[in-house]
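Asker: Pasting structure.cif below, which is mmCIF, C-alpha atoms.
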data_protein
#
loop_
_atom_site.group_PDB
_atom_site.id
_atom_site.type_symbol
_atom_site.label_atom_id
_atom_site.label_comp_id
_atom_site.auth_asym_id
_atom_site.auth_seq_id
_atom_site.Cartn_x
_atom_site.Cartn_y
_atom_site.Cartn_z
ATOM 1 C CA MET A 603 0.000 0.000 0.000
ATOM 2 C CA LYS A 604 1.572 3.257 -1.156
ATOM 3 C CA VAL A 605 0.261 6.582 0.101
ATOM 4 C CA GLY A 606 1.305 9.997 -1.241
ATOM 5 C CA ILE A 607 0.656 13.025 0.964
ATOM 6 C CA VAL A 608 0.364 16.441 -0.687
ATOM 7 C CA GLN A 609 2.320 19.343 0.787
ATOM 8 C CA PHE A 610 1.413 22.944 -0.097
ATOM 9 C CA PRO A 611 3.051 26.031 1.411
ATOM 10 C CA GLY A 612 1.115 26.154 4.701
ATOM 11 C CA THR A 613 0.172 22.485 5.032
ATOM 12 C CA ASN A 614 0.754 21.454 8.650
ATOM 13 C CA CYS A 615 -0.773 17.985 9.034
ATOM 14 C CA GLU A 616 1.351 16.127 6.486
ATOM 15 C CA TYR A 617 3.624 14.526 9.095
ATOM 16 C CA ASP A 618 0.715 13.537 11.370
ATOM 17 C CA THR A 619 -0.878 11.963 8.301
ATOM 18 C CA GLN A 620 2.389 10.219 7.464
ATOM 19 C CA TYR A 621 2.622 8.918 11.066
ATOM 20 C CA ALA A 622 -0.971 7.667 10.868
ATOM 21 C CA PHE A 623 -0.572 5.733 7.624
ATOM 22 C CA GLU A 624 2.839 4.329 8.564
ATOM 23 C CA LYS A 625 1.327 3.117 11.829
ATOM 24 C CA LEU A 626 -1.187 1.230 9.672
ATOM 25 C CA GLY A 627 1.645 -0.292 7.629
ATOM 26 C CA ALA A 628 1.617 1.900 4.511
ATOM 27 C CA GLU A 629 4.662 3.108 2.633
ATOM 28 C CA THR A 630 4.345 6.907 2.484
ATOM 29 C CA SER A 631 5.873 9.786 0.566
ATOM 30 C CA ILE A 632 5.390 13.553 0.600
ATOM 31 C CA LEU A 633 4.240 15.062 -2.725
ATOM 32 C CA TRP A 634 5.349 18.633 -3.491
ATOM 33 C CA HIS A 635 2.698 21.033 -4.781
ATOM 34 C CA GLU A 636 4.774 22.099 -7.792
ATOM 35 C CA ASP A 637 4.949 18.575 -9.229
ATOM 36 C CA ALA A 638 2.451 18.003 -12.031
ATOM 37 C CA THR A 639 2.919 14.218 -12.009
ATOM 38 C CA VAL A 640 3.123 11.588 -9.290
ATOM 39 C CA ALA A 641 4.357 7.978 -9.180
ATOM 40 C CA GLU A 642 1.903 5.723 -10.972
ATOM 41 C CA ASP A 643 2.048 3.067 -8.273
ATOM 42 C CA LEU A 644 0.438 5.248 -5.593
ATOM 43 C CA ASP A 645 -2.748 3.645 -4.252
ATOM 44 C CA LEU A 646 -3.978 6.650 -2.305
ATOM 45 C CA ILE A 647 -3.286 10.381 -2.371
ATOM 46 C CA VAL A 648 -4.074 12.314 0.802
ATOM 47 C CA ILE A 649 -4.441 16.087 0.735
ATOM 48 C CA ALA A 650 -3.517 16.853 4.314
ATOM 49 C CA GLY A 651 -4.876 19.593 6.542
ATOM 50 C CA GLY A 652 -3.511 22.961 7.517
ATOM 51 C CA PHE A 653 -3.471 25.862 5.103
ATOM 52 C CA SER A 654 -2.490 26.331 1.473
ATOM 53 C CA TYR A 655 -0.992 29.424 -0.152
ATOM 54 C CA GLY A 656 -2.247 31.471 2.818
ATOM 55 C CA ASP A 657 -5.783 30.505 1.810
ATOM 56 C CA TYR A 658 -6.018 33.894 0.151
ATOM 57 C CA LEU A 659 -9.200 34.519 -1.838
ATOM 58 C CA ARG A 660 -10.988 31.459 -0.357
ATOM 59 C CA SER A 661 -9.729 28.427 1.562
ATOM 60 C CA GLY A 662 -8.233 26.009 -0.945
ATOM 61 C CA ALA A 663 -8.980 28.215 -3.977
ATOM 62 C CA ILE A 664 -5.437 28.919 -5.116
ATOM 63 C CA ALA A 665 -4.263 25.415 -4.189
ATOM 64 C CA SER A 666 -6.962 24.001 -6.458
ATOM 65 C CA LYS A 667 -5.110 25.525 -9.447
ATOM 66 C CA SER A 668 -1.676 24.173 -8.462
ATOM 67 C CA PRO A 669 0.292 21.710 -10.628
ATOM 68 C CA ILE A 670 -0.102 18.810 -8.157
ATOM 69 C CA MET A 671 -3.885 18.968 -8.454
ATOM 70 C CA LYS A 672 -3.611 17.972 -12.125
ATOM 71 C CA ALA A 673 -1.863 14.818 -10.940
ATOM 72 C CA VAL A 674 -4.452 14.269 -8.202
ATOM 73 C CA LYS A 675 -7.268 14.572 -10.765
ATOM 74 C CA ALA A 676 -5.560 12.094 -13.104
ATOM 75 C CA HIS A 677 -5.058 9.692 -10.180
ATOM 76 C CA ALA A 678 -8.766 9.895 -9.300
ATOM 77 C CA GLN A 679 -9.829 9.550 -12.940
ATOM 78 C CA ALA A 680 -7.862 6.295 -13.054
ATOM 79 C CA GLY A 681 -10.222 5.058 -10.324
ATOM 80 C CA LYS A 682 -7.680 5.303 -7.520
ATOM 81 C CA LYS A 683 -8.433 6.789 -4.117
ATOM 82 C CA VAL A 684 -8.102 10.368 -2.899
ATOM 83 C CA LEU A 685 -8.725 11.590 0.651
ATOM 84 C CA GLY A 686 -8.949 15.285 1.578
ATOM 85 C CA ILE A 687 -8.791 16.192 5.253
ATOM 86 C CA CYS A 688 -9.846 19.673 6.433
ATOM 87 C CA ASN A 689 -8.009 22.073 4.084
ATOM 88 C CA GLY A 690 -7.751 19.062 1.757
ATOM 89 C CA PHE A 691 -11.560 18.811 1.721
ATOM 90 C CA GLN A 692 -11.728 22.530 0.874
ATOM 91 C CA VAL A 693 -9.242 21.994 -1.969
ATOM 92 C CA LEU A 694 -11.315 19.075 -3.323
ATOM 93 C CA THR A 695 -14.519 21.158 -3.394
ATOM 94 C CA GLU A 696 -12.655 24.051 -5.038
ATOM 95 C CA THR A 697 -11.433 21.679 -7.780
ATOM 96 C CA HIS A 698 -15.027 20.374 -8.117
ATOM 97 C CA MET A 699 -13.802 16.841 -7.444
ATOM 98 C CA LEU A 700 -16.381 16.915 -4.644
ATOM 99 C CA PRO A 701 -19.687 18.827 -4.802
ATOM 100 C CA GLY A 702 -20.623 21.813 -2.617
ATOM 101 C CA ALA A 703 -18.459 24.387 -0.864
ATOM 102 C CA LEU A 704 -17.077 25.152 2.595
ATOM 103 C CA LYS A 705 -18.035 28.521 4.018
ATOM 104 C CA ARG A 706 -16.939 30.420 7.115
ATOM 105 C CA ASN A 707 -18.335 28.744 10.280
ATOM 106 C CA GLU A 708 -21.812 30.037 11.067
ATOM 107 C CA HIS A 709 -20.740 31.774 14.292
ATOM 108 C CA LEU A 710 -17.511 33.001 12.662
ATOM 109 C CA HIS A 711 -15.244 31.363 15.266
ATOM 110 C CA PHE A 712 -12.353 29.009 14.671
ATOM 111 C CA ILE A 713 -13.442 25.737 16.303
ATOM 112 C CA SER A 714 -10.821 23.381 17.739
ATOM 113 C CA LYS A 715 -12.113 20.470 19.846
ATOM 114 C CA HIS A 716 -12.958 16.791 19.831
ATOM 115 C CA HIS A 717 -16.346 16.167 18.253
ATOM 116 C CA ASN A 718 -18.555 13.135 17.857
ATOM 117 C CA LEU A 719 -19.473 12.048 14.366
ATOM 118 C CA LYS A 720 -22.136 9.668 13.176
ATOM 119 C CA VAL A 721 -21.494 7.306 10.283
ATOM 120 C CA ALA A 722 -24.218 8.205 7.777
ATOM 121 C CA SER A 723 -23.242 5.677 5.126
ATOM 122 C CA ASN A 724 -20.838 2.749 5.256
ATOM 123 C CA SER A 725 -21.369 1.684 1.655
ATOM 124 C CA ASN A 726 -17.915 2.914 0.659
ATOM 125 C CA SER A 727 -14.362 1.717 1.257
ATOM 126 C CA PHE A 728 -13.531 4.547 3.662
ATOM 127 C CA LEU A 729 -16.175 3.661 6.267
ATOM 128 C CA GLU A 730 -16.902 0.032 5.421
ATOM 129 C CA LYS A 731 -15.474 -1.125 8.755
ATOM 130 C CA PHE A 732 -18.242 0.739 10.589
ATOM 131 C CA ASP A 733 -21.965 0.119 10.962
ATOM 132 C CA ASN A 734 -24.335 2.899 9.976
ATOM 133 C CA SER A 735 -25.054 5.202 12.949
ATOM 134 C CA ASP A 736 -21.804 4.235 14.727
ATOM 135 C CA VAL A 737 -20.441 7.211 16.669
ATOM 136 C CA VAL A 738 -16.740 8.096 16.561
ATOM 137 C CA ASN A 739 -14.805 10.818 18.334
ATOM 138 C CA ILE A 740 -12.435 12.787 16.114
ATOM 139 C CA PRO A 741 -10.909 16.272 16.528
ATOM 140 C CA ILE A 742 -12.069 19.186 14.408
ATOM 141 C CA ALA A 743 -9.996 22.345 13.878
ATOM 142 C CA HIS A 744 -11.351 24.737 11.291
ATOM 143 C CA HIS A 745 -12.619 28.209 10.497
ATOM 144 C CA ASP A 746 -14.228 27.381 7.161
ATOM 145 C CA GLY A 747 -16.037 24.104 7.788
ATOM 146 C CA ASN A 748 -19.602 25.183 7.148
ATOM 147 C CA TYR A 749 -20.559 22.793 4.348
ATOM 148 C CA PHE A 750 -22.996 24.216 1.814
ATOM 149 C CA ILE A 751 -24.780 22.528 -1.061
ATOM 150 C CA ASP A 752 -28.032 23.508 -2.738
ATOM 151 C CA ASP A 753 -31.223 21.454 -2.303
ATOM 152 C CA ALA A 754 -30.868 19.561 -5.588
ATOM 153 C CA GLY A 755 -27.248 18.749 -4.795
ATOM 154 C CA LEU A 756 -28.161 17.563 -1.302
ATOM 155 C CA GLU A 757 -30.827 15.270 -2.656
ATOM 156 C CA ALA A 758 -28.317 13.791 -5.107
ATOM 157 C CA LEU A 759 -25.861 13.199 -2.244
ATOM 158 C CA TYR A 760 -28.452 11.208 -0.301
ATOM 159 C CA THR A 761 -29.692 9.334 -3.362
ATOM 160 C CA ASN A 762 -26.168 8.086 -4.082
ATOM 161 C CA ASP A 763 -25.193 7.471 -0.430
ATOM 162 C CA GLN A 764 -22.521 10.179 -0.624
ATOM 163 C CA VAL A 765 -23.117 11.696 2.819
ATOM 164 C CA LEU A 766 -20.507 9.924 4.952
ATOM 165 C CA LEU A 767 -20.366 11.633 8.334
ATOM 166 C CA GLN A 768 -22.545 14.015 10.351
ATOM 167 C CA TYR A 769 -21.679 15.953 13.512
ATOM 168 C CA CYS A 770 -23.526 14.587 16.538
ATOM 169 C CA ASP A 771 -23.454 14.214 20.322
ATOM 170 C CA ALA A 772 -22.184 11.112 22.176
ATOM 171 C CA GLN A 773 -25.577 9.417 21.717
ATOM 172 C CA GLY A 774 -25.640 10.031 17.985
ATOM 173 C CA ASN A 775 -28.159 12.896 18.027
ATOM 174 C CA ILE A 776 -27.367 15.489 15.393
ATOM 175 C CA GLN A 777 -25.433 18.423 16.827
ATOM 176 C CA ASN A 778 -24.224 21.141 14.508
ATOM 177 C CA PRO A 779 -21.015 22.988 15.489
ATOM 178 C CA ASN A 780 -20.498 25.096 12.380
ATOM 179 C CA GLY A 781 -23.737 25.570 10.450
ATOM 180 C CA SER A 782 -23.132 22.829 7.851
ATOM 181 C CA VAL A 783 -26.161 21.811 5.781
ATOM 182 C CA ASP A 784 -27.644 18.743 7.543
ATOM 183 C CA SER A 785 -24.631 18.793 9.900
ATOM 184 C CA ILE A 786 -22.530 17.200 7.177
ATOM 185 C CA ALA A 787 -18.893 16.589 8.185
ATOM 186 C CA GLY A 788 -17.772 14.416 5.274
ATOM 187 C CA ILE A 789 -18.848 13.297 1.803
ATOM 188 C CA CYS A 790 -17.564 11.334 -1.170
ATOM 189 C CA ASN A 791 -17.964 11.625 -4.934
ATOM 190 C CA LYS A 792 -20.504 9.611 -6.878
ATOM 191 C CA GLU A 793 -17.885 7.038 -7.893
ATOM 192 C CA LYS A 794 -16.899 6.649 -4.203
ATOM 193 C CA ASN A 795 -13.162 6.952 -4.695
ATOM 194 C CA VAL A 796 -12.745 10.610 -3.629
ATOM 195 C CA PHE A 797 -13.431 11.335 0.043
ATOM 196 C CA GLY A 798 -13.441 14.623 1.947
ATOM 197 C CA LEU A 799 -14.022 15.451 5.594
ATOM 198 C CA MET A 800 -13.396 18.388 7.916
ATOM 199 C CA PRO A 801 -12.473 16.321 11.032
ATOM 200 C CA HIS A 802 -8.911 15.031 11.467
ATOM 201 C CA PRO A 803 -8.750 11.212 11.760
ATOM 202 C CA GLU A 804 -4.928 11.426 11.639
ATOM 203 C CA ARG A 805 -5.062 13.235 15.002
ATOM 204 C CA ALA A 806 -7.064 10.394 16.556
ATOM 205 C CA MET A 807 -4.519 7.578 16.310
ATOM 206 C CA GLU A 808 -3.487 7.176 19.971
ATOM 207 C CA GLU A 809 -5.699 6.764 23.076
ATOM 208 C CA VAL A 810 -3.170 8.814 25.033
ATOM 209 C CA LEU A 811 -3.981 11.798 22.790
ATOM 210 C CA GLY A 812 -7.710 11.534 23.456
ATOM 211 C CA SER A 813 -8.988 9.116 20.817
ATOM 212 C CA ALA A 814 -7.867 6.285 18.581
ATOM 213 C CA ASP A 815 -11.059 6.217 16.503
ATOM 214 C CA GLY A 816 -9.130 7.478 13.491
ATOM 215 C CA ILE A 817 -7.406 4.092 13.153
ATOM 216 C CA LYS A 818 -10.565 2.217 12.149
ATOM 217 C CA MET A 819 -11.443 5.021 9.752
ATOM 218 C CA LEU A 820 -8.123 5.198 7.914
ATOM 219 C CA GLU A 821 -7.830 1.385 7.891
ATOM 220 C CA GLY A 822 -10.767 1.378 5.501
ATOM 221 C CA LEU A 823 -8.541 2.970 2.892
ATOM 222 C CA MET A 824 -5.727 0.426 3.341
ATOM 223 C CA MET T 326 -9.094 49.777 -18.527
ATOM 224 C CA THR T 327 -10.084 48.927 -14.967
ATOM 225 C CA ALA T 328 -12.355 46.060 -14.023
ATOM 226 C CA ILE T 329 -14.186 46.313 -10.720
ATOM 227 C CA ILE T 330 -15.493 42.935 -9.643
ATOM 228 C CA ASN T 331 -17.981 42.648 -6.786
ATOM 229 C CA ILE T 332 -18.375 39.167 -5.361
ATOM 230 C CA SER T 333 -21.115 38.329 -2.876
ATOM 231 C CA LEU T 334 -22.815 35.254 -1.482
ATOM 232 C CA LYS T 335 -25.794 34.111 -3.554
ATOM 233 C CA ASN T 336 -29.271 34.864 -2.301
ATOM 234 C CA GLY T 337 -30.315 32.013 -0.057
ATOM 235 C CA VAL T 338 -26.774 31.367 1.180
ATOM 236 C CA LEU T 339 -26.532 32.553 4.795
ATOM 237 C CA ASP T 340 -24.137 35.493 5.184
ATOM 238 C CA SER T 341 -22.847 35.031 8.752
ATOM 239 C CA GLN T 342 -20.574 38.077 8.576
ATOM 240 C CA GLY T 343 -23.450 40.234 7.359
ATOM 241 C CA LYS T 344 -25.610 38.929 10.188
ATOM 242 C CA ALA T 345 -22.953 39.713 12.813
ATOM 243 C CA VAL T 346 -22.452 43.228 11.442
ATOM 244 C CA HIS T 347 -26.221 43.757 11.330
ATOM 245 C CA HIS T 348 -26.353 42.792 14.995
ATOM 246 C CA ALA T 349 -23.526 45.244 15.807
ATOM 247 C CA LEU T 350 -25.298 48.068 13.940
ATOM 248 C CA ASP T 351 -28.446 47.275 15.903
ATOM 249 C CA SER T 352 -26.543 47.553 19.159
ATOM 250 C CA LEU T 353 -25.337 51.016 18.044
ATOM 251 C CA HIS T 354 -29.007 51.940 17.568
ATOM 252 C CA PHE T 355 -28.899 52.118 13.757
ATOM 253 C CA GLU T 356 -32.350 50.667 13.733
ATOM 254 C CA LYS T 357 -33.402 51.246 10.131
ATOM 255 C CA VAL T 358 -31.068 48.621 8.640
ATOM 256 C CA ASP T 359 -33.134 45.767 7.211
ATOM 257 C CA ASP T 360 -30.321 43.553 5.972
ATOM 258 C CA VAL T 361 -26.529 43.491 5.667
ATOM 259 C CA ARG T 362 -24.641 41.543 3.000
ATOM 260 C CA ILE T 363 -20.862 41.532 2.956
ATOM 261 C CA GLY T 364 -18.886 40.799 -0.183
ATOM 262 C CA ARG T 365 -15.447 41.247 -1.657
ATOM 263 C CA GLN T 366 -14.259 43.717 -4.255
ATOM 264 C CA ILE T 367 -11.418 42.881 -6.614
ATOM 265 C CA VAL T 368 -10.030 45.660 -8.819
ATOM 266 C CA LEU T 369 -8.002 44.688 -11.881
ATOM 267 C CA LYS T 370 -5.937 47.053 -14.019
ATOM 268 C CA LEU T 371 -6.076 45.662 -17.558
ATOM 269 C CA SER T 372 -3.935 46.388 -20.582
ATOM 270 C CA GLU T 373 -6.918 45.385 -22.741
ATOM 271 C CA ASN T 374 -8.898 48.403 -24.061
ATOM 272 C CA ASP T 375 -11.612 46.564 -25.994
ATOM 273 C CA GLU T 376 -14.618 46.350 -23.701
ATOM 274 C CA THR T 377 -16.086 43.160 -25.183
ATOM 275 C CA LYS T 378 -12.758 41.325 -25.006
ATOM 276 C CA ALA T 379 -12.096 42.626 -21.502
ATOM 277 C CA ARG T 380 -15.505 41.467 -20.253
ATOM 278 C CA GLU T 381 -15.016 38.056 -21.827
ATOM 279 C CA GLU T 382 -11.601 37.673 -20.207
ATOM 280 C CA VAL T 383 -12.685 38.907 -16.754
ATOM 281 C CA THR T 384 -15.764 36.653 -16.842
ATOM 282 C CA LYS T 385 -13.446 33.712 -17.446
ATOM 283 C CA MET T 386 -11.268 34.811 -14.502
ATOM 284 C CA CYS T 387 -14.340 34.946 -12.269
ATOM 285 C CA GLU T 388 -15.546 31.513 -13.355
ATOM 286 C CA ASP T 389 -12.084 29.919 -13.089
ATOM 287 C CA LEU T 390 -10.797 31.438 -9.878
ATOM 288 C CA LEU T 391 -12.090 34.718 -8.488
ATOM 289 C CA ALA T 392 -15.583 33.543 -7.506
ATOM 290 C CA ASN T 393 -16.802 30.178 -6.273
ATOM 291 C CA THR T 394 -20.019 29.999 -8.264
ATOM 292 C CA VAL T 395 -21.372 27.240 -5.995
ATOM 293 C CA ILE T 396 -21.987 29.890 -3.325
ATOM 294 C CA GLU T 397 -21.097 33.261 -4.871
ATOM 295 C CA ASP T 398 -22.396 35.648 -7.535
ATOM 296 C CA TYR T 399 -20.172 38.174 -9.241
ATOM 297 C CA ASP T 400 -20.744 41.448 -11.010
ATOM 298 C CA ILE T 401 -18.232 43.090 -13.363
ATOM 299 C CA GLU T 402 -17.992 46.821 -13.958
ATOM 300 C CA LEU T 403 -15.558 48.108 -16.591
ATOM 301 C CA VAL T 404 -14.196 51.641 -16.313
ATOM 302 C CA LYS T 405 -12.059 53.298 -18.984
#
Take the structure in the file and write it out as structure tokens.

Answerer:
Amino acid sequence: MKVGIVQFPGTNCEYDTQYAFEKLGAETSILWHEDATVAEDLDLIVIAGGFSYGDYLRSGAIASKSPIMKAVKAHAQAGKKVLGICNGFQVLTETHMLPGALKRNEHLHFISKHHNLKVASNSNSFLEKFDNSDVVNIPIAHHDGNYFIDDAGLEALYTNDQVLLQYCDAQGNIQNPNGSVDSIAGICNKEKNVFGLMPHPERAMEEVLGSADGIKMLEGLM
Amino acid sequence: MTAIINISLKNGVLDSQGKAVHHALDSLHFEKVDDVRIGRQIVLKLSENDETKAREEVTKMCEDLLANTVIEDYDIELVK
């Protein structure tokens, strides 16, 4: 299993992501944003969290036009997997590899805390190790995590089982920290090989750091 | 030629910043404000002097990068 992790100027979760996938037994490499091609034998490309190009204009907007994203698109078009975490999710919506957009949090605050998430659909490789409605605890840390999609787009997401994760309380009742439509925390594309989520599973790999629920999540991609 | 681009959230997309500013205006007793929408203005100095070509080019810039048309509308004003 070979995992490439994209690094933009401002990315700050690439080494946590590397730690997470190496813990799961993957061979990892860091991919530089100026490279327009990547090794053909990569199984998964992760766009890690943090920032990208200062997030000027909109979060992920300038990164979406970078050379590496051409390679990421080609990788996805070949049917291989892509995961975008936090800023990576923003980049994937800005490239239109995932539908919708991520707006400023409803109450305008940066939110950094552990949050419970409910598995909305396990009919995809990312969450196949879970049962629907399972609750996991994963940290969130974002300013622009307010997921927006119009009504027609939302209906399409549900029709195709593309809503993956929703923010909830410990009992699984919907709880919305940032104003996201239907409390959506993560989605995938129609083909179910491109995944995006605002929470950070790579920061939930050790019980001593508060949660190890990220292990089961990332294992799905292995 | 100068292009003045105004970008704002589409109608129906909640403008949290606008709401917060509206609330602040209320607390300063500016009570006749019905709604506040906050956008972004981008001003481009262009070497193009043909208005049709300039509009075509700036529209492409808006669609490709400057606006996220999933949530934002844009308006282009050209000034010679």

Asker: Choose the residue, out of T:Val361, T:Ala392, T:Ala328, T:Leu369, that has the smallest atom-to-atom separation from Ser341 in chain T; count all atoms listed in the file.

Answerer: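 Comparing T:Val361, T:Ala392, T:Ala328, T:Leu369 against Ser341 in chain T, the winner is T:Val361.
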
Asker: Residues of chain T within 12 Å of chain A, counting all atoms listed in the file - could you list those as a list of chain:residue names?

Answerer: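 So the contacting residues turn out to be T:Ile332, T:Leu334, T:Lys335, T:Asn336, T:Gly337, T:Val338, T:Leu339, T:Asp340, T:Ser341, T:Gln342, T:Gly343, T:Lys344, T:Ala345, T:Val346, T:Gly364, T:Arg365, T:Gln366, T:Ile367, T:Cys387, T:Glu388, T:Asp389, T:Leu390, T:Leu391, T:Ala392, T:Asn393, T:Thr394, T:Val395, T:Ile396, T:Glu397.
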
Asker: Applying the PyMOL selection byres ((chain T and resi 373) around 12) to the file I just gave you, which residues come out? Please list them as a ChimeraX atom specification.

Answerer: /T:326-328,369-372,374-383,403-405

Asker: Using the chain letters and numbers from this file, what does the PyMOL selection byres ((chain A and resi 789) around 9) select? Give the answer as a VMD selection string.

Answerer: chain A and resid 700 to 701 759 763 to 767 786 to 788 790 to 791 796 to 799

Asker: Give as an MDAnalysis selection string each residue that has an atom at most 10 Å from (6.5, -0.2, 1.8) in the file, counting only C-alpha atoms.

Answerer: chainID A and resid 603:605 624 627:630

Asker: Can you measure CA of Ser333 in chain T to CA of Gln768 in chain A for me? One decimal in Å is fine.

Answerer: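 Between these atoms lies a distance of 27.7 Å.
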
Asker: What gap, in Å, lies between CA of Gly755 in chain A and CA of Tyr769 in chain A?

Answerer: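 Between CA of Gly755 in chain A and CA of Tyr769 in chain A the gap is 19.3 Å.
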
Asker: Hey, what comes out of the PyMOL selection byres ((chain A and resi 644) around 10) on this file? Could you write it as a list in words?

Answerer: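 The output of the PyMOL selection byres ((chain A and resi 644) around 10) on this file is Met603, Lys604, Val605, Gly606, Glu629, Thr630, Ser631, Val640, Ala641, Glu642, Asp643, Asp645, Leu646, Ile647, His677, Lys682 and Lys683 of chain A.
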
Asker: May I ask for the distance between CA of Ile742 in chain A and CA of Lys675 in chain A, given in Å to one decimal place?

Answerer: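 Taking CA of Ile742 in chain A as the start and CA of Lys675 in chain A as the end point, the length is 26.0 Å.
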
Asker: Residues near Asn726 in chain A, anyone? I mean within 7 Å using only C-alpha atoms, not counting same-chain ones fewer than 3 positions away, as a ChimeraX atom specification.

Answerer: /A:729-730,794

Asker: Is there a way to get, as a list in words, all residues within 8 Å of the point (-17.2, 17.3, 13.2) in file coordinates, counting only C-alpha atoms?

Answerer: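 Those residues, ordered by chain and then number, are His716, His717, Asn718, Leu719, Ile740, Pro741, Ile742, Gln768, Tyr769, Cys770, Pro779, Ala787, Met800 and Pro801 of chain A.
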
Asker: Which residues, written as number ranges by chain, have at least one atom at most 8 Å from Ala806 in chain A, with all atoms listed in the file counted and residues fewer than 3 positions away on the same chain left out?

Answerer: A: 739-741, 802-803, 809, 811-817

Asker: Hey, what's within 8 Å of Lys731 in chain A if we count only C-alpha atoms and toss same-chain stuff fewer than 2 positions away? As a PDB file with C-alpha atoms, in the frame of the given file, please?

Answerer:
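Written output follows (around_6.pdb):
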ATOM      1  CA  ASN A 724     -20.838   2.749   5.256  1.00  0.00           C
ATOM      2  CA  PHE A 728     -13.531   4.547   3.662  1.00  0.00           C
ATOM      3  CA  LEU A 729     -16.175   3.661   6.267  1.00  0.00           C
ATOM      4  CA  ASP A 733     -21.965   0.119  10.962  1.00  0.00           C
ATOM      5  CA  LYS A 818     -10.565   2.217  12.149  1.00  0.00           C
ATOM      6  CA  MET A 819     -11.443   5.021   9.752  1.00  0.00           C
ATOM      7  CA  GLY A 822     -10.767   1.378   5.501  1.00  0.00           C
TER       8      GLY A 822
END
